[in-house]
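Quick notes on the structure that follows.
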Amino acid sequence: MHSQAAGSEYGGVTPEEWADFEEHFDKRKVELGNCARPYGSPCQHEHACIRCPMLQVNPRMLSRLAEIEKDLMLRRKRAEEERWLGEIEGIDMTLTFIRGKQAEVARLNSRSPVALGFPTPRPHRE
Ligand code: SF4
């Protein structure tokens with residue numbers, strides 16, 4: 001038996017809960033775009049966003065991504081000269097993630113919008 005109205009079962013949201021909720025979305029803004037981790041969950045990847053599947057790159061930040069890629073290529077060249085093999089491996093992995101993010105943005109940008117058409121009123125039934 002339910003004597004309470006549905007709304008009162010859930011109770012109200014306290015100002016602290018609401019502030020916490022808003023803070024979560026503020027914290028999801030990262031340099032390259034948005035973090036898509038679920039509400040209430042902490043960053044599991046030590047803020048290594050480029051390597052993280054939760055990062056949604058903002059297309060406006062593609063030039064920044066290209067800068068990071070260029071910098072990594074220079075670091076890779078130096079690592080090759082110095083024979084820092086572990087460093088090369090790490091850089092190559094990060095470059096793979098960067099290129100994956102670039103491809104993802106390109107794929108999303110190339111999709112054409114779906115035409116849903118205009119709604120029309122249904123014939124009146126008696
Ligand atoms: S590393 Fe991943 S989960 Fe953490 S802030 Fe960056 S995008 Fe979000």
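Naming works like this for the structure tokens: A, B, ... for the chains as they're shown, residue 1 at the start of each chain, ligands 1 onward in shown order.
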
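DSSP annotation of stretch 17-56 of chain A from backbone atoms: helix (DSSP H, G or I) residues are Glu17, Trp18, Ala19, Asp20, Phe21, Glu22, Glu23, His24, Phe25, Asp26, Lys27, Cys49, Ile50 and Arg51 of chain A.
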
Export of prior selection with N, CA, C and O atoms as a PDB file, in the first residue's frame:
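Below you can see part_28.pdb, which holds the result:
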```pdb
ATOM      1  N   GLU A  17      23.364  18.707  -1.993  1.00  0.00           N
ATOM      2  CA  GLU A  17      23.287  17.677  -3.041  1.00  0.00           C
ATOM      3  C   GLU A  17      23.281  18.322  -4.424  1.00  0.00           C
ATOM      4  O   GLU A  17      23.921  17.841  -5.349  1.00  0.00           O
ATOM      5  N   TRP A  18      22.534  19.433  -4.522  1.00  0.00           N
ATOM      6  CA  TRP A  18      22.444  20.103  -5.822  1.00  0.00           C
ATOM      7  C   TRP A  18      23.811  20.689  -6.206  1.00  0.00           C
ATOM      8  O   TRP A  18      24.250  20.587  -7.354  1.00  0.00           O
ATOM      9  N   ALA A  19      24.496  21.296  -5.219  1.00  0.00           N
ATOM     10  CA  ALA A  19      25.825  21.871  -5.481  1.00  0.00           C
ATOM     11  C   ALA A  19      26.791  20.772  -5.905  1.00  0.00           C
ATOM     12  O   ALA A  19      27.601  20.959  -6.817  1.00  0.00           O
ATOM     13  N   ASP A  20      26.688  19.612  -5.259  1.00  0.00           N
ATOM     14  CA  ASP A  20      27.556  18.478  -5.589  1.00  0.00           C
ATOM     15  C   ASP A  20      27.299  18.018  -7.031  1.00  0.00           C
ATOM     16  O   ASP A  20      28.229  17.732  -7.788  1.00  0.00           O
ATOM     17  N   PHE A  21      26.015  17.991  -7.399  1.00  0.00           N
ATOM     18  CA  PHE A  21      25.616  17.586  -8.750  1.00  0.00           C
ATOM     19  C   PHE A  21      26.203  18.551  -9.795  1.00  0.00           C
ATOM     20  O   PHE A  21      26.793  18.130 -10.789  1.00  0.00           O
ATOM     21  N   GLU A  22      26.057  19.862  -9.514  1.00  0.00           N
ATOM     22  CA  GLU A  22      26.591  20.861 -10.457  1.00  0.00           C
ATOM     23  C   GLU A  22      28.114  20.783 -10.542  1.00  0.00           C
ATOM     24  O   GLU A  22      28.690  20.894 -11.623  1.00  0.00           O
ATOM     25  N   GLU A  23      28.735  20.553  -9.394  1.00  0.00           N
ATOM     26  CA  GLU A  23      30.202  20.475  -9.369  1.00  0.00           C
ATOM     27  C   GLU A  23      30.706  19.320 -10.225  1.00  0.00           C
ATOM     28  O   GLU A  23      31.723  19.432 -10.894  1.00  0.00           O
ATOM     29  N   HIS A  24      29.958  18.220 -10.208  1.00  0.00           N
ATOM     30  CA  HIS A  24      30.363  17.070 -11.018  1.00  0.00           C
ATOM     31  C   HIS A  24      30.483  17.472 -12.487  1.00  0.00           C
ATOM     32  O   HIS A  24      31.457  17.147 -13.157  1.00  0.00           O
ATOM     33  N   PHE A  25      29.485  18.230 -12.981  1.00  0.00           N
ATOM     34  CA  PHE A  25      29.510  18.615 -14.392  1.00  0.00           C
ATOM     35  C   PHE A  25      30.584  19.661 -14.668  1.00  0.00           C
ATOM     36  O   PHE A  25      31.174  19.674 -15.746  1.00  0.00           O
ATOM     37  N   ASP A  26      30.867  20.517 -13.681  1.00  0.00           N
ATOM     38  CA  ASP A  26      31.965  21.474 -13.862  1.00  0.00           C
ATOM     39  C   ASP A  26      33.290  20.731 -13.957  1.00  0.00           C
ATOM     40  O   ASP A  26      34.149  21.075 -14.753  1.00  0.00           O
ATOM     41  N   LYS A  27      33.431  19.690 -13.154  1.00  0.00           N
ATOM     42  CA  LYS A  27      34.690  18.942 -13.146  1.00  0.00           C
ATOM     43  C   LYS A  27      34.864  18.094 -14.402  1.00  0.00           C
ATOM     44  O   LYS A  27      35.940  17.592 -14.662  1.00  0.00           O
ATOM     45  N   CYS A  49      43.844  12.063 -19.737  1.00  0.00           N
ATOM     46  CA  CYS A  49      42.653  12.127 -20.592  1.00  0.00           C
ATOM     47  C   CYS A  49      42.891  11.650 -22.020  1.00  0.00           C
ATOM     48  O   CYS A  49      42.004  11.026 -22.604  1.00  0.00           O
ATOM     49  N   ILE A  50      44.045  11.946 -22.583  1.00  0.00           N
ATOM     50  CA  ILE A  50      44.277  11.567 -23.982  1.00  0.00           C
ATOM     51  C   ILE A  50      44.153  10.061 -24.180  1.00  0.00           C
ATOM     52  O   ILE A  50      43.677   9.593 -25.201  1.00  0.00           O
ATOM     53  N   ARG A  51      44.543   9.313 -23.163  1.00  0.00           N
ATOM     54  CA  ARG A  51      44.498   7.854 -23.288  1.00  0.00           C
ATOM     55  C   ARG A  51      43.167   7.270 -22.814  1.00  0.00           C
ATOM     56  O   ARG A  51      42.986   6.057 -22.806  1.00  0.00           O
TER      57      ARG A  51
END
```

Contacts of chain A with ligand 1 up to 7 Å, shortest pair per row, only C-alpha atoms and all ligand atoms, as CSV:
```
residue,atom,partner,partner_atom_place_in_ligand_line,distance
A:Arg28,CA,ligand 1,5 (S),6.5
A:Val30,CA,ligand 1,5 (S),6.8
A:Asn34,CA,ligand 1,7 (S),6.9
A:Cys35,CA,ligand 1,8 (Fe),4.1
A:Ala36,CA,ligand 1,8 (Fe),6.3
A:Arg37,CA,ligand 1,3 (S),5.5
A:Cys43,CA,ligand 1,4 (Fe),3.9
A:Gln44,CA,ligand 1,3 (S),5.5
A:His45,CA,ligand 1,1 (S),4.5
A:Glu46,CA,ligand 1,1 (S),5.7
A:His47,CA,ligand 1,1 (S),3.6
A:Ala48,CA,ligand 1,1 (S),4.4
A:Cys49,CA,ligand 1,6 (Fe),3.6
A:Cys52,CA,ligand 1,2 (Fe),4.5
A:Pro53,CA,ligand 1,2 (Fe),6.5
A:Met54,CA,ligand 1,7 (S),4.5
A:Leu55,CA,ligand 1,7 (S),3.9
```

Just-selected residues, all heavy atoms written as a CSV table (one decimal), in the first residue's frame:
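Written out: out04.csv:
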```
chain,number,residue,atom,x,y,z
A,28,ARG,N,33.8,17.9,-15.1
A,28,ARG,CA,33.9,17.1,-16.4
A,28,ARG,C,34.5,17.9,-17.5
A,28,ARG,O,34.8,17.4,-18.6
A,28,ARG,CB,32.5,16.5,-16.8
A,28,ARG,CG,32.2,15.4,-15.9
A,28,ARG,CD,30.8,14.8,-16.2
A,28,ARG,NE,30.4,15.1,-17.5
A,28,ARG,CZ,29.4,14.4,-18.1
A,28,ARG,NH1,28.9,13.3,-17.5
A,28,ARG,NH2,29.0,14.7,-19.3
A,30,VAL,N,37.4,19.4,-19.3
A,30,VAL,CA,38.8,19.2,-19.3
A,30,VAL,C,39.4,20.0,-20.5
A,30,VAL,O,38.6,20.4,-21.4
A,30,VAL,CB,39.2,17.7,-19.4
A,30,VAL,CG1,38.9,17.0,-18.0
A,30,VAL,CG2,38.6,17.0,-20.5
A,34,ASN,N,35.2,17.2,-23.0
A,34,ASN,CA,34.4,16.8,-21.9
A,34,ASN,C,34.8,15.4,-21.4
A,34,ASN,O,35.1,14.5,-22.3
A,34,ASN,CB,32.9,16.7,-22.2
A,34,ASN,CG,32.3,18.1,-22.3
A,34,ASN,OD1,32.5,18.9,-21.4
A,34,ASN,ND2,31.7,18.4,-23.4
A,35,CYS,N,34.7,15.2,-20.1
A,35,CYS,CA,34.8,13.8,-19.6
A,35,CYS,C,33.4,13.2,-19.4
A,35,CYS,O,32.6,13.8,-18.9
A,35,CYS,CB,35.5,13.9,-18.2
A,35,CYS,SG,35.4,12.4,-17.3
A,36,ALA,N,33.2,12.0,-20.0
A,36,ALA,CA,31.9,11.4,-20.0
A,36,ALA,C,31.7,10.4,-18.9
A,36,ALA,O,30.8,9.6,-18.9
A,36,ALA,CB,31.7,10.7,-21.3
A,37,ARG,N,32.5,10.5,-17.8
A,37,ARG,CA,32.4,9.6,-16.7
A,37,ARG,C,31.0,9.8,-16.0
A,37,ARG,O,30.6,10.9,-16.0
A,37,ARG,CB,33.5,9.6,-15.8
A,37,ARG,CG,33.6,10.8,-14.9
A,37,ARG,CD,34.8,10.7,-13.9
A,37,ARG,NE,34.8,11.8,-13.0
A,37,ARG,CZ,35.5,12.9,-13.2
A,37,ARG,NH1,36.1,13.1,-14.3
A,37,ARG,NH2,35.5,13.9,-12.3
A,43,CYS,N,37.5,10.1,-11.3
A,43,CYS,CA,38.4,9.8,-12.5
A,43,CYS,C,39.2,8.5,-12.1
A,43,CYS,O,39.8,8.4,-11.1
A,43,CYS,CB,39.3,10.9,-12.7
A,43,CYS,SG,40.6,10.5,-13.9
A,44,GLN,N,39.1,7.5,-13.0
A,44,GLN,CA,39.8,6.2,-12.8
A,44,GLN,C,41.1,6.2,-13.5
A,44,GLN,O,41.9,5.2,-13.3
A,44,GLN,CB,38.9,5.1,-13.3
A,44,GLN,CG,37.6,5.0,-12.7
A,44,GLN,CD,37.6,4.3,-11.3
A,44,GLN,OE1,38.5,3.5,-11.1
A,44,GLN,NE2,36.7,4.6,-10.5
A,45,HIS,N,41.4,7.2,-14.2
A,45,HIS,CA,42.6,7.1,-15.1
A,45,HIS,C,43.6,8.2,-14.8
A,45,HIS,O,44.4,8.6,-15.7
A,45,HIS,CB,42.1,7.2,-16.5
A,45,HIS,CG,41.1,6.2,-16.9
A,45,HIS,ND1,39.8,6.4,-17.0
A,45,HIS,CD2,41.2,4.8,-17.0
A,45,HIS,CE1,39.1,5.3,-17.2
A,45,HIS,NE2,40.0,4.3,-17.2
A,46,GLU,N,43.6,8.7,-13.6
A,46,GLU,CA,44.6,9.7,-13.1
A,46,GLU,C,44.8,10.9,-14.1
A,46,GLU,O,45.9,11.3,-14.3
A,46,GLU,CB,46.0,9.0,-12.9
A,46,GLU,CG,45.9,7.9,-11.9
A,46,GLU,CD,47.2,7.1,-11.7
A,46,GLU,OE1,48.0,7.2,-12.6
A,46,GLU,OE2,47.2,6.3,-10.7
A,47,HIS,N,43.7,11.3,-14.6
A,47,HIS,CA,43.6,12.4,-15.5
A,47,HIS,C,44.5,12.3,-16.7
A,47,HIS,O,45.0,13.4,-17.2
A,47,HIS,CB,43.8,13.7,-14.7
A,47,HIS,CG,42.8,13.9,-13.6
A,47,HIS,ND1,41.5,14.4,-13.9
A,47,HIS,CD2,42.7,13.6,-12.3
A,47,HIS,CE1,40.8,14.5,-12.8
A,47,HIS,NE2,41.5,13.9,-11.8
A,48,ALA,N,44.8,11.1,-17.1
A,48,ALA,CA,45.5,10.9,-18.4
A,48,ALA,C,44.5,10.9,-19.5
A,48,ALA,O,44.2,9.9,-20.1
A,48,ALA,CB,46.3,9.6,-18.3
A,49,CYS,N,43.8,12.1,-19.7
A,49,CYS,CA,42.7,12.1,-20.6
A,49,CYS,C,42.9,11.6,-22.0
A,49,CYS,O,42.0,11.0,-22.6
A,49,CYS,CB,42.1,13.5,-20.6
A,49,CYS,SG,41.6,14.1,-18.9
A,52,CYS,N,42.3,8.1,-22.4
A,52,CYS,CA,41.1,7.6,-21.7
A,52,CYS,C,39.9,7.6,-22.7
A,52,CYS,O,39.6,8.5,-23.4
A,52,CYS,CB,40.7,8.6,-20.6
A,52,CYS,SG,39.2,8.1,-19.7
A,53,PRO,N,39.1,6.4,-22.7
A,53,PRO,CA,38.0,6.3,-23.6
A,53,PRO,C,36.8,7.3,-23.2
A,53,PRO,O,35.9,7.5,-23.9
A,53,PRO,CB,37.5,4.9,-23.4
A,53,PRO,CG,38.2,4.4,-22.2
A,53,PRO,CD,39.4,5.2,-21.9
A,54,MET,N,36.9,7.8,-21.9
A,54,MET,CA,35.8,8.7,-21.5
A,54,MET,C,36.0,10.1,-22.1
A,54,MET,O,35.0,10.9,-21.9
A,54,MET,CB,35.8,8.8,-19.9
A,54,MET,CG,35.4,7.6,-19.2
A,54,MET,SD,33.7,7.2,-19.5
A,54,MET,CE,33.7,5.5,-19.2
A,55,LEU,N,37.1,10.4,-22.6
A,55,LEU,CA,37.3,11.8,-23.2
A,55,LEU,C,36.5,12.0,-24.5
A,55,LEU,O,36.7,11.2,-25.4
A,55,LEU,CB,38.8,12.1,-23.4
A,55,LEU,CG,39.1,13.4,-24.1
A,55,LEU,CD1,38.7,14.6,-23.2
A,55,LEU,CD2,40.5,13.5,-24.5
```

*Tell me, as a PyMOL selection string, which residues lie within 7 Å of stretch 83-99 of chain A, counting only C-alpha atoms; anything in the same chain fewer than 2 positions away does not count.*
chain A and resi 50-51+69+72+76+79-81+101-103

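What separates atom CA of A:Arg111 from atom CA of A:Lys29 is a distance of 24.4 Å.
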
*Please give the complete set of residues from chain A that DSSP, run on the backbone, assigns to strand (DSSP E or B), formatted as a ChimeraX atom specification.*
/A:29-30,33-35,55-57

Mind dumping the selected residues with N, CA and C atoms as a PDB file, in the first residue's frame?
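And here is the file that came out, result09.pdb:
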```
ATOM      1  N   LYS A  29      34.655  19.218 -17.319  1.00  0.00           N
ATOM      2  CA  LYS A  29      35.252  20.036 -18.378  1.00  0.00           C
ATOM      3  C   LYS A  29      36.766  19.894 -18.281  1.00  0.00           C
ATOM      4  N   VAL A  30      37.359  19.361 -19.318  1.00  0.00           N
ATOM      5  CA  VAL A  30      38.810  19.201 -19.339  1.00  0.00           C
ATOM      6  C   VAL A  30      39.368  19.954 -20.543  1.00  0.00           C
ATOM      7  N   GLY A  33      38.085  18.858 -24.006  1.00  0.00           N
ATOM      8  CA  GLY A  33      36.648  18.648 -24.236  1.00  0.00           C
ATOM      9  C   GLY A  33      35.919  18.292 -22.964  1.00  0.00           C
ATOM     10  N   ASN A  34      35.181  17.195 -23.030  1.00  0.00           N
ATOM     11  CA  ASN A  34      34.383  16.764 -21.878  1.00  0.00           C
ATOM     12  C   ASN A  34      34.762  15.361 -21.446  1.00  0.00           C
ATOM     13  N   CYS A  35      34.670  15.167 -20.149  1.00  0.00           N
ATOM     14  CA  CYS A  35      34.846  13.830 -19.589  1.00  0.00           C
ATOM     15  C   CYS A  35      33.448  13.225 -19.448  1.00  0.00           C
ATOM     16  N   LEU A  55      37.107  10.447 -22.641  1.00  0.00           N
ATOM     17  CA  LEU A  55      37.306  11.799 -23.167  1.00  0.00           C
ATOM     18  C   LEU A  55      36.547  11.978 -24.474  1.00  0.00           C
ATOM     19  N   GLN A  56      35.700  13.004 -24.506  1.00  0.00           N
ATOM     20  CA  GLN A  56      35.001  13.401 -25.732  1.00  0.00           C
ATOM     21  C   GLN A  56      35.648  14.699 -26.197  1.00  0.00           C
ATOM     22  N   VAL A  57      36.408  14.630 -27.279  1.00  0.00           N
ATOM     23  CA  VAL A  57      37.147  15.801 -27.747  1.00  0.00           C
ATOM     24  C   VAL A  57      36.193  16.821 -28.361  1.00  0.00           C
TER      25      VAL A  57
END
```

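Between atom CA of A:Ala106 and atom CA of A:Lys70 lies a distance of 18.5 Å.
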
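Each of A:Ile68, A:Gly11, A:Pro59, A:Pro38 was compared to A:Asn109 using only C-alpha atoms, and A:Pro59 turns out to be the nearest.
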